[in-house]
>>> print(open('structure04.cif').read())   # mmCIF, C-alpha atoms
data_data
loop_
_atom_site.label_atom_id
_atom_site.label_comp_id
_atom_site.auth_asym_id
_atom_site.auth_seq_id
_atom_site.Cartn_x
_atom_site.Cartn_y
_atom_site.Cartn_z
CA MET A 1 -18.13 41.87 70.40
CA ASN A 2 -14.94 42.86 72.16
CA THR A 3 -13.12 40.72 74.73
CA LEU A 4 -14.19 42.86 77.68
CA ASN A 5 -17.89 42.57 76.80
CA PHE A 6 -17.52 38.84 76.29
CA LEU A 7 -15.80 38.51 79.68
CA LYS A 8 -18.61 40.49 81.37
CA ILE A 9 -21.18 38.08 79.93
CA ALA A 10 -19.12 35.06 81.03
CA LEU A 11 -18.78 36.39 84.57
CA LYS A 12 -22.51 37.10 84.76
CA ASP A 13 -23.60 33.67 83.42
CA HIS A 14 -22.06 30.60 85.08
CA LYS A 15 -23.04 28.47 82.07
CA VAL A 16 -20.59 30.31 79.80
CA ALA A 17 -17.28 28.47 80.19
CA ALA A 18 -14.99 30.54 78.00
CA ILE A 19 -13.44 33.81 79.07
CA SER A 20 -12.76 34.94 75.52
CA GLU A 21 -13.83 34.12 71.99
CA SER A 22 -12.13 31.22 70.20
CA SER A 23 -8.88 32.16 68.49
CA SER A 24 -8.60 32.30 64.71
CA TRP A 25 -6.36 29.21 64.87
CA ALA A 26 -8.99 27.21 66.77
CA VAL A 27 -11.70 28.43 64.40
CA ASP A 28 -9.65 27.42 61.35
CA ARG A 29 -8.93 23.99 62.88
CA VAL A 30 -12.66 23.37 63.37
CA ALA A 31 -13.40 24.39 59.77
CA GLU A 32 -10.63 22.08 58.48
CA LEU A 33 -12.22 19.11 60.26
CA LEU A 34 -15.63 19.46 58.61
CA PRO A 35 -16.45 17.02 55.80
CA GLU A 36 -15.75 18.58 52.40
CA ASP A 37 -19.35 18.14 51.27
CA THR A 38 -20.92 19.74 54.37
CA ARG A 39 -24.28 21.31 53.54
CA ALA A 40 -26.30 20.84 56.75
CA LEU A 41 -24.65 21.70 60.03
CA VAL A 42 -25.66 22.27 63.65
CA GLU A 43 -23.61 24.33 66.09
CA TYR A 44 -23.99 23.99 69.86
CA GLY A 45 -23.06 27.12 71.80
CA PRO A 46 -22.03 29.51 69.03
CA GLY A 47 -21.38 32.32 71.49
CA THR A 48 -20.77 35.48 69.47
CA GLY A 49 -20.48 33.52 66.23
CA VAL A 50 -16.74 33.44 65.48
CA ILE A 51 -16.91 29.79 64.39
CA THR A 52 -20.31 30.40 62.80
CA ARG A 53 -18.95 33.13 60.54
CA ARG A 54 -16.01 30.96 59.47
CA ILE A 55 -18.32 28.06 58.61
CA LEU A 56 -20.61 30.34 56.62
CA ARG A 57 -17.62 31.41 54.50
CA VAL A 58 -17.23 27.84 53.22
CA LEU A 59 -20.84 26.63 53.35
CA PRO A 60 -22.39 26.29 49.87
CA ASP A 61 -25.23 28.57 48.79
CA ASP A 62 -27.77 25.81 49.41
CA GLY A 63 -26.34 25.01 52.86
CA LYS A 64 -27.98 25.42 56.25
CA LEU A 65 -26.43 26.20 59.64
CA ILE A 66 -28.58 25.97 62.77
CA ALA A 67 -26.95 27.41 65.90
CA ILE A 68 -28.35 26.78 69.39
CA GLU A 69 -27.35 29.32 72.05
CA LEU A 70 -28.57 29.35 75.65
CA ASN A 71 -27.30 32.78 76.74
CA GLU A 72 -29.66 35.59 75.69
CA ASP A 73 -26.92 38.24 75.38
CA LEU A 74 -24.83 36.00 73.13
CA PHE A 75 -27.94 35.01 71.17
CA HIS A 76 -28.66 38.68 70.46
CA ALA A 77 -25.06 39.12 69.26
CA LEU A 78 -25.76 36.35 66.72
CA GLY A 79 -28.52 38.54 65.29
CA LYS A 80 -25.82 40.61 63.61
CA ILE A 81 -25.12 37.69 61.27
CA LYS A 82 -27.25 38.32 58.20
CA ASP A 83 -27.21 35.19 56.07
CA VAL A 84 -30.21 33.28 54.70
CA ARG A 85 -28.38 29.99 55.39
CA PHE A 86 -28.13 30.78 59.13
CA GLU A 87 -30.82 30.00 61.71
CA PRO A 88 -30.05 31.01 65.30
CA VAL A 89 -32.09 29.28 68.00
CA LEU A 90 -32.39 30.49 71.60
CA GLY A 91 -32.60 27.46 73.85
CA ASP A 92 -31.05 24.52 75.61
CA VAL A 93 -29.12 22.03 73.47
CA LEU A 94 -30.49 19.02 75.36
CA ASP A 95 -34.09 20.11 74.73
CA TRP A 96 -33.44 21.02 71.10
CA THR A 97 -31.62 17.77 70.26
CA LYS A 98 -34.45 15.70 71.71
CA ARG A 99 -36.96 17.28 69.35
CA PHE A 100 -34.61 17.29 66.36
CA THR A 101 -33.43 13.68 66.59
CA ASP A 102 -36.99 12.41 67.04
CA GLU A 103 -37.83 13.98 63.67
CA LYS A 104 -34.63 14.01 61.61
CA ALA A 105 -32.12 11.27 62.46
CA ASP A 106 -29.16 10.96 60.04
CA SER A 107 -29.93 14.37 58.52
CA VAL A 108 -26.89 16.60 59.18
CA ASP A 109 -23.37 16.45 57.81
CA ALA A 110 -21.70 17.83 60.91
CA VAL A 111 -22.20 19.10 64.43
CA VAL A 112 -19.79 21.61 65.96
CA SER A 113 -19.79 22.28 69.68
CA THR A 114 -18.09 24.61 72.10
CA ILE A 115 -20.56 24.07 74.94
CA PRO A 116 -18.80 23.08 78.17
CA PHE A 117 -19.47 19.35 78.52
CA SER A 118 -17.90 19.58 81.98
CA PHE A 119 -20.95 21.60 83.07
CA LEU A 120 -23.24 18.66 82.24
CA ASN A 121 -23.56 15.67 84.52
CA ALA A 122 -22.42 12.26 83.25
CA ARG A 123 -25.94 11.23 82.19
CA GLU A 124 -26.54 14.48 80.28
CA ARG A 125 -23.17 14.16 78.50
CA ALA A 126 -24.01 10.62 77.41
CA ILE A 127 -27.49 11.63 76.23
CA LEU A 128 -26.15 14.58 74.24
CA ILE A 129 -23.40 12.59 72.53
CA GLU A 130 -25.85 9.79 71.68
CA ARG A 131 -28.36 12.27 70.21
CA THR A 132 -25.58 14.01 68.31
CA PHE A 133 -24.47 10.68 66.86
CA ARG A 134 -28.05 9.92 65.78
CA MET A 135 -28.51 13.23 63.97
CA ILE A 136 -25.28 12.94 61.94
CA ARG A 137 -25.38 11.09 58.61
CA PRO A 138 -22.95 8.22 57.94
CA GLY A 139 -19.57 9.76 57.08
CA GLY A 140 -20.48 12.96 58.93
CA ARG A 141 -18.51 14.43 61.82
CA PHE A 142 -18.85 15.78 65.32
CA VAL A 143 -16.22 18.41 66.19
CA THR A 144 -15.86 19.92 69.65
CA CYS A 145 -13.48 22.33 71.37
CA GLN A 146 -13.09 21.73 75.09
CA PHE A 147 -10.75 22.65 77.93
CA SER A 148 -10.46 18.99 79.00
CA LEU A 149 -10.72 15.51 77.49
CA LEU A 150 -13.71 14.62 79.71
CA VAL A 151 -16.05 13.92 76.77
CA PHE A 152 -13.50 12.11 74.56
CA PRO A 153 -14.29 8.59 75.88
CA LEU A 154 -17.93 9.11 74.87
CA ILE A 155 -16.91 10.29 71.41
CA ARG A 156 -14.78 7.14 71.03
CA ARG A 157 -17.70 4.97 72.21
CA TYR A 158 -20.13 6.25 69.58
CA PHE A 159 -18.03 7.24 66.57
CA LYS A 160 -16.05 4.76 64.45
CA LYS A 161 -13.11 7.17 64.20
CA ALA A 162 -12.17 9.55 67.01
CA LYS A 163 -9.13 11.77 67.43
CA PHE A 164 -8.03 14.92 69.20
CA SER A 165 -5.34 17.56 69.00
CA VAL A 166 -4.36 20.46 71.22
CA GLU A 167 -4.67 24.03 70.00
CA VAL A 168 -2.23 25.94 72.20
CA ARG A 169 -2.83 29.19 70.29
CA ASN A 170 -6.16 29.58 72.06
CA PHE A 171 -6.60 31.06 75.54
CA PRO A 172 -6.95 28.85 77.43
CA PRO A 173 -5.69 26.07 75.12
CA TYR A 174 -8.37 23.88 73.54
CA PHE A 175 -8.56 20.18 72.99
CA VAL A 176 -10.09 19.94 69.52
CA MET A 177 -11.81 16.54 69.30
CA TRP A 178 -13.66 14.94 66.44
CA GLY A 179 -15.57 11.77 65.74
CA GLU A 180 -16.64 10.41 62.36
CA LYS A 181 -19.78 8.31 61.97
#
>>> encode(input="structure04.cif", output="structure tokens")
Amino acid sequence: MNTLNFLKIALKDHKVAAISESSSWAVDRVAELLPEDTRALVEYGPGTGVITRRILRVLPDDGKLIAIELNEDLFHALGKIKDVRFEPVLGDVLDWTKRFTDEKADSVDAVVSTIPFSFLNARERAILIERTFRMIRPGGRFVTCQFSLLVFPLIRRYFKKAKFSVEVRNFPPYFVMWGEK
């Protein structure tokens, strides 16, 4: 998807926070932060799939990547990714994580997110980070790209290790945060 089409979708849907796809530098940074033995991964808000595609390049043949996207136009763009390890899901992350964590706590190696946590209220942010923590196995990681550090205190509260860096080669610049369980 080109930048203009992405921008049109973002302007039409107030729940899309980005105005362009993540840069290759941000995408590479996210991939670098995944545990080396990542086999099961969940992605919140994959958009057009730029991070998704990068993850699939390093995911082993027996790996699984579930990606939850709320925007129907972006979800349909994900349909272009043809990989048996990839499962796109159209829906709300809060609803999906409630069902998933009730059934499969401690079952994924990593969660990657580019959803705008600033669009969630404080209670929803806390619920989502807590559910994310529950679904990640010990030693697994949560990695998120955000335009602010709003969610970082929650990451520090739940994860034993938590750090962030700034990726200035993204427009706008990203805070790339991660927490390790």
>>> atom_distance(input="structure04.cif", atom1="atom CA of Trp178 of chain A", atom2="atom CA of Thr144 of chain A")
6.3 Å
>>> closest_residue(input="structure04.cif", among="A:Glu87, A:Asp109, A:Glu36, A:Asp92", to="Glu69 of chain A", atoms="only C-alpha atoms")
A:Asp92
>>> resolve_selection(input="structure04.cif", expression="the PyMOL selection byres ((chain A and resi 158-164) around 9)", output="PyMOL selection string")
chain A and resi 129-130+133+141-142+149+152-157+165-166+175-181
>>> resolve_selection(input="structure04.cif", expression="the PyMOL selection byres ((chain A and resi 174) around 9)", output="ChimeraX atom specification")
/A:22,26,145-148,165-173,175-176
>>> write_last_selection(input="structure04.cif", atoms="C-alpha atoms", output="JSON list (two decimals), in the frame of the given file")
[["chain", "number", "residue", "atom", "x", "y", "z"],
["A", 22, "SER", "CA", -12.13, 31.22, 70.20],
["A", 26, "ALA", "CA", -8.99, 27.21, 66.77],
["A", 145, "CYS", "CA", -13.48, 22.33, 71.37],
["A", 146, "GLN", "CA", -13.09, 21.73, 75.09],
["A", 147, "PHE", "CA", -10.75, 22.65, 77.93],
["A", 148, "SER", "CA", -10.46, 18.99, 79.00],
["A", 165, "SER", "CA", -5.34, 17.56, 69.00],
["A", 166, "VAL", "CA", -4.36, 20.46, 71.22],
["A", 167, "GLU", "CA", -4.67, 24.03, 70.00],
["A", 168, "VAL", "CA", -2.23, 25.94, 72.20],
["A", 169, "ARG", "CA", -2.83, 29.19, 70.29],
["A", 170, "ASN", "CA", -6.16, 29.58, 72.06],
["A", 171, "PHE", "CA", -6.60, 31.06, 75.54],
["A", 172, "PRO", "CA", -6.95, 28.85, 77.43],
["A", 173, "PRO", "CA", -5.69, 26.07, 75.12],
["A", 175, "PHE", "CA", -8.56, 20.18, 72.99],
["A", 176, "VAL", "CA", -10.09, 19.94, 69.52]]
>>> atom_distance(input="structure04.cif", atom1="atom CA of Val50 of chain A", atom2="atom CA of Arg137 of chain A")
24.9 Å
>>> residues_around(input="structure04.cif", residues="Asp102 of chain A", least_positions_apart="5", cutoff="10 Å", atoms="only C-alpha atoms", output="PDB file with C-alpha atoms, in the coordinates of the input")
ATOM      1  CA  THR A  97     -31.620  17.770  70.260  1.00  0.00           C
ATOM      2  CA  ARG A 131     -28.360  12.270  70.210  1.00  0.00           C
ATOM      3  CA  ARG A 134     -28.050   9.920  65.780  1.00  0.00           C
ATOM      4  CA  MET A 135     -28.510  13.230  63.970  1.00  0.00           C
TER       5      MET A 135
END
>>> atom_distance(input="structure04.cif", atom1="atom CA of Phe75 of chain A", atom2="atom CA of Thr52 of chain A")
12.2 Å
>>> resolve_selection(input="structure04.cif", expression="the PyMOL selection byres ((chain A and resi 46) around 8)", output="MDAnalysis selection string")
chainID A and resid 43:45 47:52 67:69 113:114
>>> closest_residue(input="structure04.cif", among="A:Trp96, A:Ile66, A:Pro35, A:Leu74", to="Pro138 of chain A", atoms="all atoms listed in the file")
A:Pro35
>>> closest_residue(input="structure04.cif", among="A:Arg53, A:Gly140, A:Glu21, A:Phe100", to="Lys80 of chain A", atoms="all atoms listed in the file")
A:Arg53
>>> closest_residue(input="structure04.cif", among="A:Val58, A:Asp37, A:Val42, A:Ala110", to="Val89 of chain A", atoms="all atoms listed in the file")
A:Val42
>>> build_atoms(input="structure04.cif", residues="segment 79-103 of chain A", atoms="N, CA and C atoms", output="PDB file, in the coordinates of the input")
ATOM      1  N   GLY A  79     -27.598  37.849  66.177  1.00  0.00           N
ATOM      2  CA  GLY A  79     -28.520  38.540  65.290  1.00  0.00           C
ATOM      3  C   GLY A  79     -27.837  39.451  64.289  1.00  0.00           C
ATOM      4  N   LYS A  80     -26.577  39.768  64.540  1.00  0.00           N
ATOM      5  CA  LYS A  80     -25.820  40.610  63.610  1.00  0.00           C
ATOM      6  C   LYS A  80     -25.389  39.831  62.366  1.00  0.00           C
ATOM      7  N   ILE A  81     -25.491  38.520  62.430  1.00  0.00           N
ATOM      8  CA  ILE A  81     -25.120  37.690  61.270  1.00  0.00           C
ATOM      9  C   ILE A  81     -26.323  37.644  60.329  1.00  0.00           C
ATOM     10  N   LYS A  82     -26.172  38.255  59.201  1.00  0.00           N
ATOM     11  CA  LYS A  82     -27.250  38.320  58.200  1.00  0.00           C
ATOM     12  C   LYS A  82     -26.910  37.372  57.055  1.00  0.00           C
ATOM     13  N   ASP A  83     -27.476  36.203  57.092  1.00  0.00           N
ATOM     14  CA  ASP A  83     -27.210  35.190  56.070  1.00  0.00           C
ATOM     15  C   ASP A  83     -28.429  34.271  56.018  1.00  0.00           C
ATOM     16  N   VAL A  84     -28.993  34.092  54.839  1.00  0.00           N
ATOM     17  CA  VAL A  84     -30.210  33.280  54.700  1.00  0.00           C
ATOM     18  C   VAL A  84     -29.963  31.812  55.063  1.00  0.00           C
ATOM     19  N   ARG A  85     -28.696  31.383  55.067  1.00  0.00           N
ATOM     20  CA  ARG A  85     -28.380  29.990  55.390  1.00  0.00           C
ATOM     21  C   ARG A  85     -28.277  29.769  56.902  1.00  0.00           C
ATOM     22  N   PHE A  86     -28.357  30.826  57.687  1.00  0.00           N
ATOM     23  CA  PHE A  86     -28.130  30.780  59.130  1.00  0.00           C
ATOM     24  C   PHE A  86     -29.431  30.904  59.910  1.00  0.00           C
ATOM     25  N   GLU A  87     -29.635  29.964  60.839  1.00  0.00           N
ATOM     26  CA  GLU A  87     -30.820  30.000  61.710  1.00  0.00           C
ATOM     27  C   GLU A  87     -30.381  29.918  63.165  1.00  0.00           C
ATOM     28  N   PRO A  88     -30.366  31.060  63.876  1.00  0.00           N
ATOM     29  CA  PRO A  88     -30.050  31.010  65.300  1.00  0.00           C
ATOM     30  C   PRO A  88     -31.267  30.575  66.106  1.00  0.00           C
ATOM     31  N   VAL A  89     -31.027  29.789  67.145  1.00  0.00           N
ATOM     32  CA  VAL A  89     -32.090  29.280  68.000  1.00  0.00           C
ATOM     33  C   VAL A  89     -31.711  29.590  69.445  1.00  0.00           C
ATOM     34  N   LEU A  90     -32.612  30.234  70.186  1.00  0.00           N
ATOM     35  CA  LEU A  90     -32.390  30.490  71.600  1.00  0.00           C
ATOM     36  C   LEU A  90     -32.964  29.307  72.371  1.00  0.00           C
ATOM     37  N   GLY A  91     -32.098  28.590  73.095  1.00  0.00           N
ATOM     38  CA  GLY A  91     -32.600  27.460  73.850  1.00  0.00           C
ATOM     39  C   GLY A  91     -31.504  26.549  74.351  1.00  0.00           C
ATOM     40  N   ASP A  92     -31.933  25.512  75.022  1.00  0.00           N
ATOM     41  CA  ASP A  92     -31.050  24.520  75.610  1.00  0.00           C
ATOM     42  C   ASP A  92     -30.779  23.406  74.603  1.00  0.00           C
ATOM     43  N   VAL A  93     -29.531  23.054  74.444  1.00  0.00           N
ATOM     44  CA  VAL A  93     -29.120  22.030  73.470  1.00  0.00           C
ATOM     45  C   VAL A  93     -29.783  20.684  73.767  1.00  0.00           C
ATOM     46  N   LEU A  94     -29.867  20.312  75.024  1.00  0.00           N
ATOM     47  CA  LEU A  94     -30.490  19.020  75.360  1.00  0.00           C
ATOM     48  C   LEU A  94     -31.953  18.982  74.921  1.00  0.00           C
ATOM     49  N   ASP A  95     -32.685  20.058  75.166  1.00  0.00           N
ATOM     50  CA  ASP A  95     -34.090  20.110  74.730  1.00  0.00           C
ATOM     51  C   ASP A  95     -34.194  20.095  73.213  1.00  0.00           C
ATOM     52  N   TRP A  96     -33.376  20.913  72.558  1.00  0.00           N
ATOM     53  CA  TRP A  96     -33.440  21.020  71.100  1.00  0.00           C
ATOM     54  C   TRP A  96     -33.085  19.700  70.427  1.00  0.00           C
ATOM     55  N   THR A  97     -32.030  19.030  70.896  1.00  0.00           N
ATOM     56  CA  THR A  97     -31.620  17.770  70.260  1.00  0.00           C
ATOM     57  C   THR A  97     -32.666  16.681  70.439  1.00  0.00           C
ATOM     58  N   LYS A  98     -33.393  16.699  71.527  1.00  0.00           N
ATOM     59  CA  LYS A  98     -34.450  15.700  71.710  1.00  0.00           C
ATOM     60  C   LYS A  98     -35.510  15.842  70.622  1.00  0.00           C
ATOM     61  N   ARG A  99     -35.953  17.049  70.399  1.00  0.00           N
ATOM     62  CA  ARG A  99     -36.960  17.280  69.350  1.00  0.00           C
ATOM     63  C   ARG A  99     -36.391  16.984  67.957  1.00  0.00           C
ATOM     64  N   PHE A 100     -35.191  17.436  67.693  1.00  0.00           N
ATOM     65  CA  PHE A 100     -34.610  17.290  66.360  1.00  0.00           C
ATOM     66  C   PHE A 100     -34.356  15.821  66.012  1.00  0.00           C
ATOM     67  N   THR A 101     -33.756  15.067  66.919  1.00  0.00           N
ATOM     68  CA  THR A 101     -33.430  13.680  66.590  1.00  0.00           C
ATOM     69  C   THR A 101     -34.669  12.808  66.476  1.00  0.00           C
ATOM     70  N   ASP A 102     -35.741  13.163  67.189  1.00  0.00           N
ATOM     71  CA  ASP A 102     -36.990  12.410  67.040  1.00  0.00           C
ATOM     72  C   ASP A 102     -37.544  12.550  65.636  1.00  0.00           C
ATOM     73  N   GLU A 103     -37.274  13.698  64.996  1.00  0.00           N
ATOM     74  CA  GLU A 103     -37.830  13.980  63.670  1.00  0.00           C
ATOM     75  C   GLU A 103     -36.862  13.724  62.520  1.00  0.00           C
TER      76      GLU A 103
END
